[in-house]
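S.K.: This structure is in structure tokens; I'll ask about it shortly.
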There are 2 protein chains.
Amino acid sequence: MHNTHQAIDLPSLRKQKILLLLERDGKVTASELVEHFAVSQDTIRRDLGELAAAGLLQRVHGGALPRPKDTGKDFFTRVGETNEVKRQLARVAAGRVEDGQIVLFDSGSTTLQIAQCLPHAVHLTVVTPSPMIAIALADHPHVKVILAGGQLNPATLSTGGHDAVRLIQSVKADLLFTGVCALHPQVGITSLHFGEVAVKQALLDSASHVIAVTTSDKLGAVEPFVVAPCSRIHTLITEWDAPDVQAYEQLGLQVQRVEVQ
Amino acid sequence: MHNTHQAIDLPSLRKQKILLLLERDGKVTASELVEHFAVSQDTIRRDLGELAAAGLLQRVHGGALPRPKDTGKDFFTRVGETNEVKRQLARVAAGRVEDGQIVLFDSGSTTLQIAQCLPHAVHLTVVTPSPMIAIALADHPHVKVILAGGQLNPATLSTGGHDAVRLIQSVKADLLFTGVCALHPQVGITSLHFGEVAVKQALLDSASHVIAVTTSDKLGAVEPFVVAPCSRIHTLITEWDAPDVQAYEQLGLQVQRVEVQ
DNA sequence: ATTAATCTCGCACAAACCCGCAATAAAGCG
DNA sequence: CGCTTTATTGCGGGTTTGTGCGAGATTAAT
């Protein structure tokens, strides 16, 4: 289908679409936009200029490039305590999703970061017990959010109980993102909260691929309640300087170490 | 059949149709509306201006775009945006709860305010389809929060669907707080979103006492989808200068008007 | 260095906008 | 019934915004 010569009568809508094209393709050229919207070069240049002035993109000769800081103004700036390390890991993890997948999100600050790093172009169905993540993804244009119900655990901000487990069990997901708070080669995944265990186990059971994301300080730690052995994790995304990585690789995990700037 | 040049006499009806057109097409232009309704440009401009002032759409040069989804708005900054009137009403409503009760909270900015005004001393069990309210009450020392699961409606930030309805139906609550967005003596409670209707009806069915809280501008308004007749509301808390209060009292509602200073 | 594409700047025109005013009609009231 | 009040609408101003055009400067590539 030909999108060229598409009639746009609202200037602000045109600018909005320019941003969408930029997000989809990673770059836009002025001449390409001129043909696409059937307007003069000056109009496109003015649009790009204003968008750049608003800080929504970076202007370059011949077109524009995305502004990498884009997703930074999202919700929960009060959770801005999250350091740059977690953010980097989350960005890498978010790149693992593929269009059309059904994805589980465990609760946690790390997984919340992943949700906020999801590309705006991808179409997903997300199932999560975390109201935080549900809200964070509510404005995503192409993500359908399904929230597991049940009693809310104030400490973890995650729902639990029989209802939540049953809903998660009724899902056959392609992917699970979990941010383990303690991972030990022999003991496995452990948690500080007993109420979380059942939900986490249900999440692990319902996903055909499990991605755990964690900072290196959580590796080798042990908490009171055991969730599952390490072998249930397929991919572990962690920092470059993570210790004892071989122990996990020998258990069959694919370990991806991320270079933090 | 030709829709063009159709005669529209009720201004409010025309504004409703503008909203429907906007929802259908994702945009409306002023000139297009002028032709569609056969009125002058000024009339359309006034309509769009009032709709924008009411927050129902975003006004742009040449027409209007759908209300920008609450992107970038932090959870707590949004709370700060609510005016003092709503806060006063919420404070009054929050005083209605009694220790040990099971309370339902509908979704909405007004009910969120009520949740935040709850006295810290009271012991409650709260059931709600709104993740926002769930999070807001998570740090309350004596409130047990149960969140209804299901698909999240991005516009209302409320879960819906069969799961949510079933969980709500399984509760026998003492109290329901609902912030109606449109209440009309004859038409009853109406909503802008079809997906909300089933959940709202389930909430009404599960509570033995219903308290509706609304600013006076919502009284007399009508939205496309009917939820229930006014008689389902037991107590209506609204502003002092609310119009047509007798109409609601004659229907058996207890109306509490709050003096806003 | 030369060429072509792109950018900047000023200008003109049309469309859209804002404001105040008057005409019309519906609703309220003595 | 007649009057006022209010709401809605259309019209004429003057203003702002968006757009396209052309001249000259700048940039990137041959």
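If you're wondering about the labels, chains in the structure tokens are A, B, ... by order shown, residues count from 1 in each chain, ligands from 1 in order shown.
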Distance table requested - chain A against chain D, cut-off 9 Å, only C-alpha atoms (C1' of nucleotides): one row per qualifying residue with the closest atom pair and its distance in Å to one decimal, ordered by chain and rising residue number, as CSV.
M.R.:
residue,atom,partner,partner_atom,distance
A:Pro11,CA,D:DG18,C1',8.0
A:Val39,CA,D:DT19,C1',8.8
A:Ser40,CA,D:DG20,C1',6.9
A:Asp42,CA,D:DG20,C1',7.7
A:Thr43,CA,D:DT19,C1',6.8
A:His61,CA,D:DT27,C1',8.1
S.K.: I need the contact residues of chain A against chain B, so if you could list those with any atom within 8 Å, counting only C-alpha atoms, and return them as a PyMOL selection string, that would help.
M.R.: chain A and resi 9-13+73-77+131-132+134-135+138-139+144-154+157+159+164
S.K.: Please produce a file of those selected residues containing C-alpha atoms, as a PDB file, in the first residue's frame.
M.R.:
ATOM      1  CA  ASP A   9      -4.694  18.633   7.318  1.00  0.00           C
ATOM      2  CA  LEU A  10      -3.791  19.129  10.967  1.00  0.00           C
ATOM      3  CA  PRO A  11      -0.260  20.453  11.398  1.00  0.00           C
ATOM      4  CA  SER A  12       0.095  19.076  14.892  1.00  0.00           C
ATOM      5  CA  LEU A  13      -1.041  15.675  13.702  1.00  0.00           C
ATOM      6  CA  LYS A  73      10.186  11.419  31.243  1.00  0.00           C
ATOM      7  CA  ASP A  74       7.911   8.513  31.975  1.00  0.00           C
ATOM      8  CA  PHE A  75       5.973   7.855  35.151  1.00  0.00           C
ATOM      9  CA  PHE A  76       7.271   7.427  38.614  1.00  0.00           C
ATOM     10  CA  THR A  77      10.026   9.899  38.391  1.00  0.00           C
ATOM     11  CA  PRO A 131      -0.326  -2.639  39.310  1.00  0.00           C
ATOM     12  CA  MET A 132       2.712  -0.399  38.927  1.00  0.00           C
ATOM     13  CA  ALA A 134       0.105  -2.092  34.527  1.00  0.00           C
ATOM     14  CA  ILE A 135      -0.136   1.665  34.956  1.00  0.00           C
ATOM     15  CA  ALA A 138      -1.326   1.885  30.135  1.00  0.00           C
ATOM     16  CA  ASP A 139      -0.288   4.612  27.725  1.00  0.00           C
ATOM     17  CA  LYS A 144      -2.745  -4.855  25.865  1.00  0.00           C
ATOM     18  CA  VAL A 145      -2.350  -5.095  29.635  1.00  0.00           C
ATOM     19  CA  ILE A 146      -3.926  -7.856  31.690  1.00  0.00           C
ATOM     20  CA  LEU A 147      -3.626  -7.442  35.420  1.00  0.00           C
ATOM     21  CA  ALA A 148      -3.799 -10.421  37.760  1.00  0.00           C
ATOM     22  CA  GLY A 149      -6.231  -9.773  40.577  1.00  0.00           C
ATOM     23  CA  GLY A 150      -6.059 -10.681  44.217  1.00  0.00           C
ATOM     24  CA  GLN A 151      -4.856  -9.289  47.489  1.00  0.00           C
ATOM     25  CA  LEU A 152      -2.178  -6.642  47.254  1.00  0.00           C
ATOM     26  CA  ASN A 153       1.070  -7.171  49.087  1.00  0.00           C
ATOM     27  CA  PRO A 154       2.039  -3.690  50.305  1.00  0.00           C
ATOM     28  CA  LEU A 157       3.287  -3.908  45.367  1.00  0.00           C
ATOM     29  CA  THR A 159      -1.051  -9.025  43.870  1.00  0.00           C
ATOM     30  CA  ALA A 164      -3.696 -14.252  40.757  1.00  0.00           C
TER      31      ALA A 164
END
S.K.: Enumerate as a PyMOL selection string the residues belonging to chain C that approach chain B to within 10 Å, with only C-alpha atoms (C1' of nucleotides) taken into account.
M.R.: chain C and resi 15-17
S.K.: What residues in segment 2-193 of chain B get the DSSP label helix (DSSP H, G or I)? Please answer as a PyMOL selection string.
M.R.: chain B and resi 11-25+30-37+41-53+75-81+84-94+109-117+131-136+162-169
S.K.: I need the strand (DSSP E) residues of segment 110-224 of chain A per DSSP on the backbone, written as a PyMOL selection string.
M.R.: chain A and resi 124-128+143-147+150-153+158-160+175-178+183-184+188-191+210-213
S.K.: For segment 227-236 of chain B, please output as a PyMOL selection string all residues within 8 Å (counting only C-alpha atoms (C1' of nucleotides); exclusion window: fewer than 4 positions along the same chain).
M.R.: chain B and resi 183-191+197-198+200-201+204+209-214+248+251-256
S.K.: What is the distance, in Å and to one decimal place, between atom CA of Trp240 of chain B and atom CA of Gln88 of chain B?
M.R.: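 Straight-line distance from atom CA of Trp240 of chain B to atom CA of Gln88 of chain B works out to 11.3 Å.
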S.K.: If you measure from atom CA of Leu89 of chain B to atom CA of Glu259 of chain B, what distance in Å do you get, rounded to one decimal?
M.R.: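 Atom CA of Glu259 of chain B lies 9.1 Å from atom CA of Leu89 of chain B.
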S.K.: Using atom CA of Leu192 of chain B and atom CA of Leu124 of chain A as the two end points, give the distance in Å to one decimal.
M.R.: 25.6 Å
S.K.: Can you tell me which residues surround Ala121 of chain A at a distance of at most 8 Å, considering only C-alpha atoms (C1' of nucleotides), apart from same-chain residues fewer than 3 positions away, and format the answer as a list in words?
M.R.: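 The neighbour list is Glu23, Arg24, Pro141 and His142 of chain A.
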